[in-house]
>>> print(open('start-v6.txt').read())   # compact mmCIF, C-alpha atoms
# COMPACT_ATOMS: atom_id res chain seq x y z
CA MET L 1 128.03 140.86 -27.93
CA ILE L 2 125.79 141.08 -24.91
CA LEU L 3 127.16 142.03 -21.56
CA SER L 4 124.46 141.45 -19.02
CA SER L 5 126.66 142.73 -16.23
CA ALA L 6 126.69 146.28 -17.62
CA THR L 7 126.13 149.05 -15.09
CA PHE L 8 123.32 151.30 -16.27
CA ILE L 9 123.67 154.99 -15.50
CA HIS L 10 120.94 157.62 -15.36
CA VAL L 11 121.07 161.38 -15.78
CA GLY L 12 123.39 162.95 -13.22
CA GLN L 13 125.36 159.81 -12.53
CA ILE L 14 129.04 159.12 -13.03
CA HIS L 15 130.46 155.61 -13.04
CA VAL L 16 134.05 154.41 -13.10
CA ASP L 17 134.86 150.77 -13.67
CA ARG L 18 137.60 148.41 -14.79
CA ALA L 19 137.63 145.50 -17.23
CA PRO L 20 135.77 143.17 -17.53
CA GLY L 21 132.91 145.54 -16.62
CA ALA L 22 130.70 147.53 -18.94
CA ILE L 23 128.79 150.78 -18.56
CA SER L 24 125.64 151.60 -20.48
CA THR L 25 123.04 154.32 -20.86
CA VAL L 26 120.30 155.69 -23.11
CA LEU L 27 120.63 159.17 -24.59
CA GLY L 28 118.41 161.68 -26.34
CA SER L 29 119.55 165.27 -26.26
CA CYS L 30 121.65 164.33 -23.25
CA VAL L 31 125.33 163.69 -23.79
CA ALA L 32 127.54 160.96 -22.35
CA VAL L 33 131.29 161.43 -22.31
CA CYS L 34 133.20 158.15 -22.17
CA LEU L 35 136.77 158.24 -20.95
CA TYR L 36 139.04 155.26 -21.37
CA ASP L 37 142.57 154.47 -20.30
CA PRO L 38 143.83 151.52 -22.41
CA ARG L 39 146.88 151.11 -20.17
CA LEU L 40 144.74 150.38 -17.09
CA ARG L 41 141.68 149.18 -18.99
CA LEU L 42 139.84 151.69 -16.85
CA GLY L 43 136.82 153.59 -18.09
CA ALA L 44 134.28 156.11 -16.90
CA MET L 45 131.02 157.48 -18.24
CA ASN L 46 128.78 160.39 -17.32
CA HIS L 47 125.32 161.37 -18.55
CA TYR L 48 124.29 165.00 -18.43
CA LEU L 49 121.11 166.81 -19.32
CA LEU L 50 122.14 170.42 -19.78
CA PRO L 51 125.39 172.15 -20.74
CA PHE L 52 125.76 174.55 -17.84
CA TRP L 53 124.98 174.66 -14.17
CA ASN L 54 122.63 177.60 -13.73
CA GLY L 55 124.02 178.63 -10.37
CA ASN L 56 120.94 177.44 -8.51
CA GLY L 57 120.45 174.19 -6.69
CA LEU L 58 123.10 171.62 -6.03
CA GLN L 59 126.06 171.39 -8.41
CA SER L 60 124.95 167.98 -9.55
CA PRO L 61 126.49 166.24 -12.54
CA LYS L 62 123.28 166.82 -14.50
CA PHE L 63 125.23 169.72 -16.01
CA GLY L 64 128.07 169.31 -18.49
CA ASN L 65 130.39 171.83 -16.89
CA ILE L 66 130.06 169.94 -13.60
CA ALA L 67 129.86 166.37 -14.94
CA ILE L 68 132.90 166.45 -17.23
CA PRO L 69 135.48 167.76 -14.73
CA LYS L 70 134.09 165.28 -12.20
CA LEU L 71 134.46 162.48 -14.73
CA VAL L 72 138.08 163.43 -15.39
CA GLU L 73 138.76 163.67 -11.64
CA ALA L 74 137.24 160.24 -11.11
CA MET L 75 139.62 158.77 -13.71
CA LEU L 76 142.61 160.53 -12.14
CA GLU L 77 141.62 159.26 -8.70
CA HIS L 78 141.67 155.74 -10.07
CA GLY L 79 145.23 156.13 -11.26
CA SER L 80 144.78 157.30 -14.83
CA SER L 81 146.58 160.31 -16.25
CA LEU L 82 145.53 163.01 -18.69
CA ARG L 83 148.18 161.78 -21.13
CA THR L 84 146.76 158.27 -21.41
CA MET L 85 143.07 159.12 -21.37
CA GLU L 86 141.01 159.15 -24.54
CA ALA L 87 137.46 160.40 -24.94
CA LYS L 88 134.38 159.46 -26.93
CA ILE L 89 131.25 161.59 -27.07
CA PHE L 90 127.71 160.39 -27.74
CA GLY L 91 124.22 161.87 -27.78
CA GLY L 92 123.11 165.44 -28.25
CA ALA L 93 120.26 164.62 -30.62
CA SER L 94 117.59 167.17 -31.53
CA MET L 95 114.67 165.27 -30.23
CA HIS L 96 111.96 167.68 -31.28
CA MET L 97 111.92 168.96 -34.84
CA MET L 98 110.00 172.05 -33.83
CA ALA L 99 112.28 173.08 -30.99
CA SER L 100 113.36 176.63 -31.55
CA GLN L 101 116.87 177.39 -32.73
CA SER L 102 117.70 179.11 -29.49
CA MET L 103 117.18 175.94 -27.50
CA MET L 104 119.64 173.66 -29.33
CA ILE L 105 120.22 171.77 -26.09
CA GLY L 106 121.75 168.81 -27.88
CA GLU L 107 124.27 170.90 -29.82
CA LYS L 108 125.21 172.88 -26.74
CA ASN L 109 125.69 169.69 -24.77
CA VAL L 110 128.11 168.45 -27.43
CA LEU L 111 129.92 171.80 -27.67
CA VAL L 112 130.55 171.98 -23.96
CA ALA L 113 132.05 168.47 -24.04
CA ARG L 114 134.47 169.43 -26.84
CA GLU L 115 135.43 172.67 -25.10
CA ILE L 116 136.11 171.14 -21.71
CA LEU L 117 137.94 168.10 -23.09
CA GLU L 118 140.14 170.43 -25.10
CA GLU L 119 140.95 172.39 -21.95
CA TYR L 120 142.14 169.15 -20.39
CA ASN L 121 143.99 168.25 -23.59
CA ILE L 122 142.12 164.97 -23.81
CA GLN L 123 141.85 163.66 -27.34
CA ILE L 124 138.40 162.86 -28.71
CA VAL L 125 139.01 159.63 -30.62
CA ALA L 126 135.40 159.00 -31.65
CA GLU L 127 132.14 160.84 -31.65
CA ASP L 128 128.60 160.10 -32.70
CA THR L 129 126.42 163.09 -31.94
CA GLY L 130 123.49 165.12 -33.21
CA GLY L 131 120.84 163.81 -35.54
CA GLN L 132 117.30 163.07 -34.54
CA ASN L 133 117.56 159.61 -33.04
CA GLY L 134 118.14 158.57 -29.50
CA ARG L 135 121.07 156.27 -28.77
CA LYS L 136 121.74 153.27 -26.60
CA ILE L 137 125.39 152.89 -25.79
CA GLN L 138 127.44 150.34 -23.95
CA MET L 139 131.09 150.82 -23.13
CA ASP L 140 133.03 147.58 -23.06
CA LEU L 141 135.96 148.09 -20.72
CA GLU L 142 137.69 144.90 -21.79
CA ARG L 143 138.27 146.15 -25.31
CA GLY L 144 137.77 149.86 -24.83
CA LYS L 145 135.03 149.90 -27.45
CA VAL L 146 131.61 151.48 -27.33
CA LEU L 147 128.65 149.65 -28.84
CA LEU L 148 126.02 151.96 -30.22
CA LYS L 149 122.46 151.46 -31.36
CA TYR L 150 119.97 154.07 -32.49
CA THR L 151 116.56 153.99 -30.92
CA SER L 152 113.92 153.80 -33.60
CA SER L 153 111.95 156.89 -32.72
CA ALA L 154 112.43 160.19 -31.02
CA THR L 155 111.57 159.81 -27.36
CA THR L 156 111.53 162.12 -24.43
CA LYS L 157 114.39 160.25 -22.78
CA GLY L 158 117.27 162.51 -21.69
CA MET A 1 123.46 180.87 -43.19
CA LYS A 2 126.17 178.59 -41.84
CA GLN A 3 128.44 181.54 -41.09
CA GLU A 4 125.61 183.13 -39.18
CA CYS A 5 125.13 179.99 -37.12
CA VAL A 6 128.81 179.84 -36.23
CA GLU A 7 128.84 183.49 -35.22
CA GLU A 8 125.77 182.97 -33.11
CA GLU A 9 127.43 180.01 -31.45
CA ILE A 10 130.63 181.96 -30.79
CA ALA A 11 128.61 184.75 -29.23
CA PHE A 12 126.76 182.24 -27.11
CA LEU A 13 129.98 180.60 -25.96
CA SER A 14 131.77 183.82 -25.09
CA LYS A 15 128.77 184.89 -23.07
CA LYS A 16 128.85 181.55 -21.32
CA ILE A 17 132.55 181.87 -20.54
CA LEU A 18 131.87 185.15 -18.82
CA GLU A 19 129.01 183.63 -16.89
CA LEU A 20 131.16 180.66 -15.94
CA ASN A 21 133.88 182.92 -14.62
CA LYS A 22 131.34 184.68 -12.49
CA GLN A 23 129.94 181.37 -11.29
CA LEU A 24 133.42 180.13 -10.51
CA ALA A 25 134.03 183.07 -8.23
CA GLU A 26 130.65 182.57 -6.62
CA SER A 27 131.21 178.89 -6.27
CA GLU A 28 134.57 179.37 -4.56
CA ASN A 29 132.86 181.78 -2.27
CA ALA A 30 130.05 179.37 -1.59
CA LYS A 31 132.52 176.59 -0.97
CA SER A 32 134.31 178.43 1.79
CA LYS A 33 131.00 179.57 3.20
CA PHE A 34 129.87 175.97 3.07
CA LEU A 35 132.93 174.74 4.94
CA SER A 36 132.62 177.32 7.66
CA LEU A 37 128.91 176.57 7.98
CA VAL A 38 129.68 172.87 8.23
CA ALA A 39 132.23 173.50 10.93
CA ASN A 40 129.80 175.68 12.88
CA GLU A 41 126.82 173.48 12.42
CA LEU A 42 128.71 170.40 13.56
CA ASN A 43 130.49 172.23 16.30
CA ASN A 44 127.60 173.94 18.08
CA PRO A 45 125.59 170.84 19.01
CA ILE A 46 128.79 169.05 20.03
CA THR A 47 129.71 171.93 22.34
CA VAL A 48 126.35 171.62 24.03
CA ILE A 49 126.79 167.86 24.40
CA LEU A 50 130.24 168.19 25.91
CA GLY A 51 129.00 170.91 28.24
CA MET A 52 126.06 168.88 29.46
CA ILE A 53 127.90 165.59 29.93
CA ARG A 54 129.98 167.09 32.73
CA HIS A 55 126.84 167.76 34.73
CA LEU A 56 125.56 164.22 34.42
CA LYS A 57 125.59 162.32 37.69
CA ILE A 58 124.97 158.66 38.07
CA VAL A 59 122.28 159.35 40.66
CA GLU A 60 118.88 159.32 39.07
CA SER A 61 117.12 162.64 39.38
CA GLU A 62 114.72 164.88 37.49
CA GLU A 63 117.61 167.15 36.58
CA ASN A 64 119.63 164.29 35.15
CA LYS A 65 116.69 163.27 33.09
CA ARG A 66 116.38 166.78 31.63
CA ASN A 67 120.11 166.93 30.87
CA PHE A 68 119.99 163.57 29.26
CA GLU A 69 117.08 164.63 27.08
CA LEU A 70 118.92 167.74 26.03
CA ILE A 71 121.88 165.61 25.01
CA CYS A 72 119.64 163.25 23.09
CA GLU A 73 118.04 166.16 21.28
CA GLU A 74 121.36 167.64 20.25
CA VAL A 75 122.66 164.29 19.10
CA LEU A 76 119.57 163.92 16.93
CA ASN A 77 120.07 167.43 15.55
CA LEU A 78 123.66 166.65 14.76
CA ASP A 79 122.73 163.44 13.07
CA PHE A 80 120.09 165.20 10.96
CA ARG A 81 122.54 167.85 9.78
CA ILE A 82 125.26 165.37 9.03
CA GLN A 83 122.81 163.22 7.08
CA ASN A 84 121.80 166.24 5.00
CA LEU A 85 125.42 167.14 4.31
CA MET A 86 126.12 163.58 3.29
CA SER A 87 123.13 163.63 0.93
CA ALA A 88 124.23 166.91 -0.65
CA ALA A 89 127.72 165.51 -1.12
CA GLU A 90 126.32 162.33 -2.62
CA ILE A 91 124.16 164.21 -5.11
CA GLU A 92 127.00 166.53 -6.13
CA SER A 93 129.43 163.65 -6.56
CA GLY A 94 127.22 161.92 -9.12
CA ALA A 95 127.69 158.71 -7.17
CA MET A 96 124.04 158.60 -6.17
CA SER A 97 122.46 155.21 -6.52
CA ALA A 98 119.03 153.96 -5.60
CA SER A 99 118.25 150.92 -3.53
CA HIS A 100 114.90 149.20 -3.63
CA GLU A 101 113.27 147.93 -0.47
CA LEU A 102 109.78 146.89 0.40
CA VAL A 103 108.73 149.56 2.88
CA ASP A 104 105.73 150.34 5.06
CA ILE A 105 105.52 154.11 4.66
CA GLY A 106 103.65 154.41 7.96
CA GLU A 107 106.50 152.79 9.86
CA LEU A 108 109.02 154.99 8.09
CA LEU A 109 107.09 158.08 9.11
CA GLU A 110 106.87 156.93 12.73
CA GLU A 111 110.65 156.62 12.69
CA VAL A 112 110.99 160.14 11.34
CA LEU A 113 108.63 161.54 13.98
CA GLU A 114 110.66 159.75 16.63
CA THR A 115 113.80 161.64 15.58
CA LEU A 116 111.89 164.93 15.75
CA ARG A 117 110.10 164.25 19.03
CA TYR A 118 111.85 167.00 21.02
CA LEU A 119 111.25 169.66 18.41
CA ILE A 120 107.61 168.64 18.12
CA ALA A 121 107.29 168.69 21.92
CA HIS A 122 108.82 172.19 22.19
CA LYS A 123 106.54 173.53 19.50
CA GLU A 124 103.58 171.61 20.95
CA SER A 125 102.72 170.67 17.38
CA GLN A 126 99.76 168.40 16.85
CA VAL A 127 100.71 165.83 14.27
CA VAL A 128 97.95 164.15 12.28
CA PHE A 129 98.99 161.39 9.91
CA THR A 130 96.68 159.97 7.27
CA ASN A 131 98.16 157.03 5.42
CA ARG A 132 96.19 156.14 2.28
CA VAL A 133 98.92 153.98 0.80
CA GLY A 134 97.51 150.81 2.32
CA LYS A 135 100.31 148.46 1.24
CA LYS A 136 104.04 148.10 1.33
CA ILE A 137 105.79 149.82 -1.55
CA VAL A 138 109.19 149.46 -3.17
CA VAL A 139 111.28 152.59 -2.57
CA ASP A 140 114.72 153.64 -1.42
CA SER A 141 113.86 153.81 2.27
CA LYS A 142 116.92 155.80 3.31
CA LYS A 143 116.31 158.54 0.77
CA ILE A 144 112.57 158.67 1.47
CA PHE A 145 113.49 158.95 5.14
CA ILE A 146 115.64 162.00 4.38
CA ILE A 147 112.83 163.58 2.33
CA LEU A 148 110.25 163.03 5.08
CA ARG A 149 112.60 164.18 7.81
CA ASN A 150 113.33 167.45 6.03
CA LEU A 151 109.69 168.17 5.25
CA LEU A 152 108.53 167.42 8.79
CA CYS A 153 111.42 169.23 10.42
CA ASN A 154 110.59 172.34 8.39
CA ALA A 155 106.89 171.99 9.20
CA ALA A 156 107.61 171.85 12.92
CA LEU A 157 110.37 174.46 12.87
CA TYR A 158 108.58 177.10 10.81
CA GLY A 159 105.05 176.18 11.83
CA ASN A 160 103.10 178.00 14.52
CA GLN A 161 103.53 177.20 18.20
CA ASN A 162 100.81 174.74 19.10
CA GLY A 163 99.98 174.47 15.38
CA LYS A 164 98.65 171.48 13.54
CA ILE A 165 100.84 169.46 11.16
CA GLU A 166 98.94 167.26 8.76
CA ILE A 167 100.71 164.57 6.80
CA GLU A 168 99.02 162.64 4.06
CA THR A 169 100.53 159.84 2.00
CA LYS A 170 98.79 158.25 -0.98
CA LEU A 171 99.37 156.51 -4.28
CA GLU A 172 98.32 158.40 -7.40
CA GLU A 173 98.94 157.38 -11.01
CA GLY A 174 102.06 155.42 -10.16
CA PHE A 175 103.44 158.09 -7.84
CA LEU A 176 103.87 158.09 -4.11
CA VAL A 177 102.47 161.46 -3.05
CA VAL A 178 103.43 162.98 0.30
CA ARG A 179 101.64 166.14 1.42
CA VAL A 180 102.79 167.98 4.52
CA ARG A 181 100.64 170.86 5.70
CA ASN A 182 101.54 173.11 8.58
CA GLU A 183 99.91 176.19 10.05
CA GLY A 184 102.05 179.27 9.84
CA GLU A 185 103.42 181.79 7.41
CA GLY A 186 105.16 179.95 4.64
CA PRO A 187 107.78 181.20 2.27
CA ASP A 188 106.15 183.64 -0.17
CA ILE A 189 105.24 182.14 -3.52
CA GLU A 190 107.34 184.83 -5.21
CA TYR A 191 110.44 183.28 -3.61
CA LYS A 192 109.65 179.90 -5.11
CA PRO A 193 112.66 179.81 -7.46
CA GLN A 194 115.02 180.58 -4.57
CA ILE A 195 113.50 178.34 -1.96
CA PHE A 196 114.93 175.16 -3.46
CA THR A 197 118.35 176.73 -3.86
CA ARG A 198 121.28 175.91 -1.65
CA PHE A 199 121.77 178.12 1.40
CA ALA A 200 118.38 179.77 1.00
CA LYS A 201 116.26 180.00 4.10
CA ALA A 202 113.61 182.05 5.76
CA PRO A 203 114.92 185.40 6.99
CA LYS A 204 113.79 184.65 10.53
CA ALA A 205 115.38 181.18 10.52
CA GLU A 206 118.22 180.95 12.99
CA THR A 207 119.44 177.41 12.54
CA GLY A 208 120.17 175.03 9.74
CA LEU A 209 122.24 175.17 6.62
CA GLY A 210 119.43 175.98 4.23
CA ILE A 211 120.16 172.96 2.11
CA GLY A 212 117.25 170.78 3.20
CA LEU A 213 114.82 171.68 0.44
CA SER A 214 117.48 171.60 -2.27
CA ILE A 215 118.23 168.05 -1.19
CA VAL A 216 114.55 167.11 -1.15
CA ARG A 217 114.16 168.52 -4.64
CA GLU A 218 117.18 166.72 -6.06
CA LEU A 219 116.10 163.44 -4.48
CA SER A 220 112.53 163.75 -5.81
CA LEU A 221 113.87 164.57 -9.28
CA PHE A 222 116.25 161.62 -9.05
CA PHE A 223 113.24 159.37 -8.46
CA GLY A 224 111.37 160.85 -11.43
CA GLY A 225 109.16 163.05 -9.28
CA ASN A 226 109.03 166.64 -8.15
CA ILE A 227 108.34 169.00 -5.25
CA ASP A 228 106.07 172.01 -5.01
CA TYR A 229 104.40 174.11 -2.35
CA GLU A 230 101.38 176.31 -1.89
CA VAL A 231 100.63 178.95 0.68
CA HIS A 232 97.09 179.87 1.55
CA LYS A 233 95.03 180.96 4.51
CA GLY A 234 97.87 180.88 7.00
CA ALA A 235 99.02 177.41 6.06
CA VAL A 236 101.80 175.93 3.91
CA VAL A 237 101.44 172.71 1.97
CA PHE A 238 104.50 170.97 0.58
CA THR A 239 103.83 168.17 -1.91
CA VAL A 240 106.48 165.68 -2.96
CA LYS A 241 105.90 163.10 -5.68
CA ILE A 242 108.06 160.02 -6.13
CA LEU A 243 107.68 157.79 -9.16
CA LEU A 244 107.20 154.22 -8.02
CA ASP A 245 109.06 151.79 -10.19
CA GLU A 246 107.25 148.52 -9.60
CA THR A 247 109.66 146.61 -11.79
CA ALA A 248 112.72 148.13 -10.19
CA GLU A 249 113.88 145.38 -7.93
CA ASP A 250 116.46 143.99 -10.30
CA SER A 251 116.03 145.32 -13.79
CA VAL A 252 117.28 148.42 -15.51
CA ALA A 253 113.96 149.14 -17.20
CA CYS A 254 113.35 152.78 -17.96
CA GLY A 255 109.67 152.64 -18.65
CA SER A 256 109.70 151.14 -22.11
CA ASN A 257 111.01 148.08 -23.83
CA GLU A 258 113.08 150.35 -25.97
CA PHE A 259 115.43 150.80 -23.09
CA PHE A 260 116.00 147.22 -22.09
CA PHE A 261 119.55 146.28 -22.87
CA ASP A 262 118.46 142.95 -24.17
CA SER A 263 120.55 142.98 -27.25
CA PHE A 264 123.33 144.82 -28.97
CA ASP A 265 123.01 142.81 -32.15
CA ASP A 266 123.72 144.93 -35.22
CA ALA A 267 125.24 147.56 -32.98
CA ILE A 268 127.81 149.93 -34.38
CA GLU A 269 131.17 149.65 -32.71
CA VAL A 270 132.98 152.92 -32.04
>>> encode(input="start-v6.txt", output="structure tokens")
Amino acid sequence: MILSSATFIHVGQIHVDRAPGAISTVLGSCVAVCLYDPRLRLGAMNHYLLPFWNGNGLQSPKFGNIAIPKLVEAMLEHGSSLRTMEAKIFGGASMHMMASQSMMIGEKNVLVAREILEEYNIQIVAEDTGGQNGRKIQMDLERGKVLLKYTSSATTKG
Amino acid sequence: MKQECVEEEIAFLSKKILELNKQLAESENAKSKFLSLVANELNNPITVILGMIRHLKIVESEENKRNFELICEEVLNLDFRIQNLMSAAEIESGAMSASHELVDIGELLEEVLETLRYLIAHKESQVVFTNRVGKKIVVDSKKIFIILRNLLCNAALYGNQNGKIEIETKLEEGFLVVRVRNEGEGPDIEYKPQIFTRFAKAPKAETGLGIGLSIVRELSLFFGGNIDYEVHKGAVVFTVKILLDETAEDSVACGSNEFFFDSFDDAIEV
């Protein structure tokens, strides 16, 4: 199913929308958290590059610990509640085989999502993370489903 | 091996929790500082305006003209600061979006200089603009305006009295490159990591929120570019690069066909 009207989000963006809209993005080691409220058919997606804000610069949603609370807030502002929200996590690939163990950006991005969602008591109903392939995802707000495709090769895309 | 990994991860996470707690305290602190700065920064120019308006008489005179100019200057200052605050808020909210307009960069720069005319006049800065772009380009004019305004405001503010400000714009390997050079002592290279941080500013600086360069950096990064500066021989050169997306007008292309959302055939549904 092709939804040409999908809103594409880049790193550091957060988008909230209602059915019949769709939100899409492309992920490498970046992670996108998708929140969906089936009752309102309301959904939101973020796309962050790094797990933690380093204390410098603006607190932009390029960082997981900034982007996830902001995503939850955005859903709440649109009338959703923590009880009815469900989460899906995508991305966090290891894009470079040689990257040292200490980097593990992808894994850390996924971990921070699980941690913060647990703090909010939001259930993670689906997850497709890690591996070595990038991902294209599109969240269909009509049905509350996420369409996922792997990109064929490792790219430098966030 | 697996056990080791888990332990490592636990250690990493506990360390992060501590760091986060510290950052939380700092962030709360920064937030209140931010609010009080906002209040002050918005309040001071307004106080001047309100003070001056009372002295305005309908009769045309040299004095009226001066008062009026002072009011205009403060209104422009206020506008500049509010615009910067709005930009910072936009970036932090994650609601930042780009628009794409066909823009003459020369005209945009003239507009910026117009908003800074009083500052430039006080500092008797000599502005030299070399535009090597030579055609209209597709950019987000409002955000480029904010970038230019911050760079030029800094150049005039921190530059020498009667100093020269050279601006050069050109296209290079798909980037719009803006170089702003001013005479004067720039921020030391050793402070580079701090200079693009919120609330950082030169010790001698008396005005401003110190968020200008952090906004310029975030905006340049948003457009796939960057910002850097060099200091040498009593002059500072700031260089901002903005990736020009020639195909941007309507598509969601991200530089490769891989990223076109042409089809979700054979997609996995989760």
>>> residues_around(input="start-v6.txt", residues="Phe145 in chain A", least_positions_apart="2", cutoff="10 Å", atoms="only C-alpha atoms", output="list in words")
Ile105, Leu108, Leu109, Glu111, Val112, Asp140, Ser141, Lys142, Lys143, Ile147, Leu148, Arg149, Asn150 and Leu151 of chain A
>>> residues_around(input="start-v6.txt", residues="Asp140 in chain L", least_positions_apart="5", cutoff="10 Å", atoms="only C-alpha atoms", output="PDB file with C-alpha atoms, keeping the file's coordinate frame")
ATOM      1  CA  MET L   1     128.030 140.860 -27.930  1.00  0.00           C
ATOM      2  CA  ILE L   2     125.790 141.080 -24.910  1.00  0.00           C
ATOM      3  CA  LEU L   3     127.160 142.030 -21.560  1.00  0.00           C
ATOM      4  CA  ALA L   6     126.690 146.280 -17.620  1.00  0.00           C
ATOM      5  CA  ARG L  18     137.600 148.410 -14.790  1.00  0.00           C
ATOM      6  CA  ALA L  19     137.630 145.500 -17.230  1.00  0.00           C
ATOM      7  CA  PRO L  20     135.770 143.170 -17.530  1.00  0.00           C
ATOM      8  CA  GLY L  21     132.910 145.540 -16.620  1.00  0.00           C
ATOM      9  CA  ALA L  22     130.700 147.530 -18.940  1.00  0.00           C
ATOM     10  CA  ILE L  23     128.790 150.780 -18.560  1.00  0.00           C
ATOM     11  CA  SER L  24     125.640 151.600 -20.480  1.00  0.00           C
ATOM     12  CA  TYR L  36     139.040 155.260 -21.370  1.00  0.00           C
ATOM     13  CA  ARG L  41     141.680 149.180 -18.990  1.00  0.00           C
ATOM     14  CA  GLY L  43     136.820 153.590 -18.090  1.00  0.00           C
ATOM     15  CA  LYS L 145     135.030 149.900 -27.450  1.00  0.00           C
ATOM     16  CA  VAL L 146     131.610 151.480 -27.330  1.00  0.00           C
ATOM     17  CA  LEU L 147     128.650 149.650 -28.840  1.00  0.00           C
TER      18      LEU L 147
END
>>> closest_atom_pairs(input="start-v6.txt", of="chain A", to="chain L", cutoff="7 Å", atoms="only C-alpha atoms", output="tab-separated table")
residue	atom	partner	partner_atom	distance
A:Gln23	CA	L:Gly55	CA	6.6
A:Ile91	CA	L:Ser60	CA	5.9
A:Glu92	CA	L:Ser60	CA	4.2
A:Ser93	CA	L:Ser60	CA	6.9
A:Gly94	CA	L:Gln13	CA	4.4
A:Ala95	CA	L:Gln13	CA	5.9
A:Met96	CA	L:Gln13	CA	6.6
A:Phe196	CA	L:Gly57	CA	6.5
A:Thr197	CA	L:Gly57	CA	4.3
A:Arg198	CA	L:Gly57	CA	5.4
A:Ser214	CA	L:Gly57	CA	5.9
A:Val252	CA	L:Phe8	CA	6.7
A:Phe259	CA	L:Val26	CA	6.9
A:Ser263	CA	L:Ile2	CA	6.0
A:Phe264	CA	L:Ile2	CA	6.0
A:Asp265	CA	L:Met1	CA	6.8
A:Ala267	CA	L:Lys149	CA	5.1
A:Ile268	CA	L:Leu148	CA	5.0
A:Glu269	CA	L:Leu147	CA	4.6
A:Val270	CA	L:Val146	CA	5.1
>>> write_last_selection(input="start-v6.txt", atoms="C-alpha atoms", output="PDB file, keeping the file's coordinate frame")
ATOM      1  CA  GLN A  23     129.940 181.370 -11.290  1.00  0.00           C
ATOM      2  CA  ILE A  91     124.160 164.210  -5.110  1.00  0.00           C
ATOM      3  CA  GLU A  92     127.000 166.530  -6.130  1.00  0.00           C
ATOM      4  CA  SER A  93     129.430 163.650  -6.560  1.00  0.00           C
ATOM      5  CA  GLY A  94     127.220 161.920  -9.120  1.00  0.00           C
ATOM      6  CA  ALA A  95     127.690 158.710  -7.170  1.00  0.00           C
ATOM      7  CA  MET A  96     124.040 158.600  -6.170  1.00  0.00           C
ATOM      8  CA  PHE A 196     114.930 175.160  -3.460  1.00  0.00           C
ATOM      9  CA  THR A 197     118.350 176.730  -3.860  1.00  0.00           C
ATOM     10  CA  ARG A 198     121.280 175.910  -1.650  1.00  0.00           C
ATOM     11  CA  SER A 214     117.480 171.600  -2.270  1.00  0.00           C
ATOM     12  CA  VAL A 252     117.280 148.420 -15.510  1.00  0.00           C
ATOM     13  CA  PHE A 259     115.430 150.800 -23.090  1.00  0.00           C
ATOM     14  CA  SER A 263     120.550 142.980 -27.250  1.00  0.00           C
ATOM     15  CA  PHE A 264     123.330 144.820 -28.970  1.00  0.00           C
ATOM     16  CA  ASP A 265     123.010 142.810 -32.150  1.00  0.00           C
ATOM     17  CA  ALA A 267     125.240 147.560 -32.980  1.00  0.00           C
ATOM     18  CA  ILE A 268     127.810 149.930 -34.380  1.00  0.00           C
ATOM     19  CA  GLU A 269     131.170 149.650 -32.710  1.00  0.00           C
ATOM     20  CA  VAL A 270     132.980 152.920 -32.040  1.00  0.00           C
TER      21      VAL A 270
END
>>> atom_distance(input="start-v6.txt", atom1="CA of Glu90 in chain A", atom2="CA of Glu110 in chain A")
25.4 Å
>>> closest_residue(input="start-v6.txt", among="L:Cys34, L:Ala93, L:Met104, L:Met85", to="Glu9 in chain A", atoms="only C-alpha atoms")
L:Met104
>>> atom_distance(input="start-v6.txt", atom1="CA of Glu173 in chain A", atom2="CA of Leu113 in chain A")
27.1 Å
>>> residues_around(input="start-v6.txt", residues="Pro45 in chain A", least_positions_apart="4", cutoff="7 Å", atoms="only C-alpha atoms", output="PyMOL selection string")
chain A and resi 49+74+78
>>> write_last_selection(input="start-v6.txt", atoms="C-alpha atoms", output="compact mmCIF listing (two decimals), keeping the file's coordinate frame")
# COMPACT_ATOMS: atom_id res chain seq x y z
CA ILE A 49 126.79 167.86 24.40
CA GLU A 74 121.36 167.64 20.25
CA LEU A 78 123.66 166.65 14.76
>>> residues_around(input="start-v6.txt", residues="Gly64 in chain L", least_positions_apart="4", cutoff="8 Å", atoms="only C-alpha atoms", output="PyMOL selection string")
chain L and resi 48-53+68+109+112-113
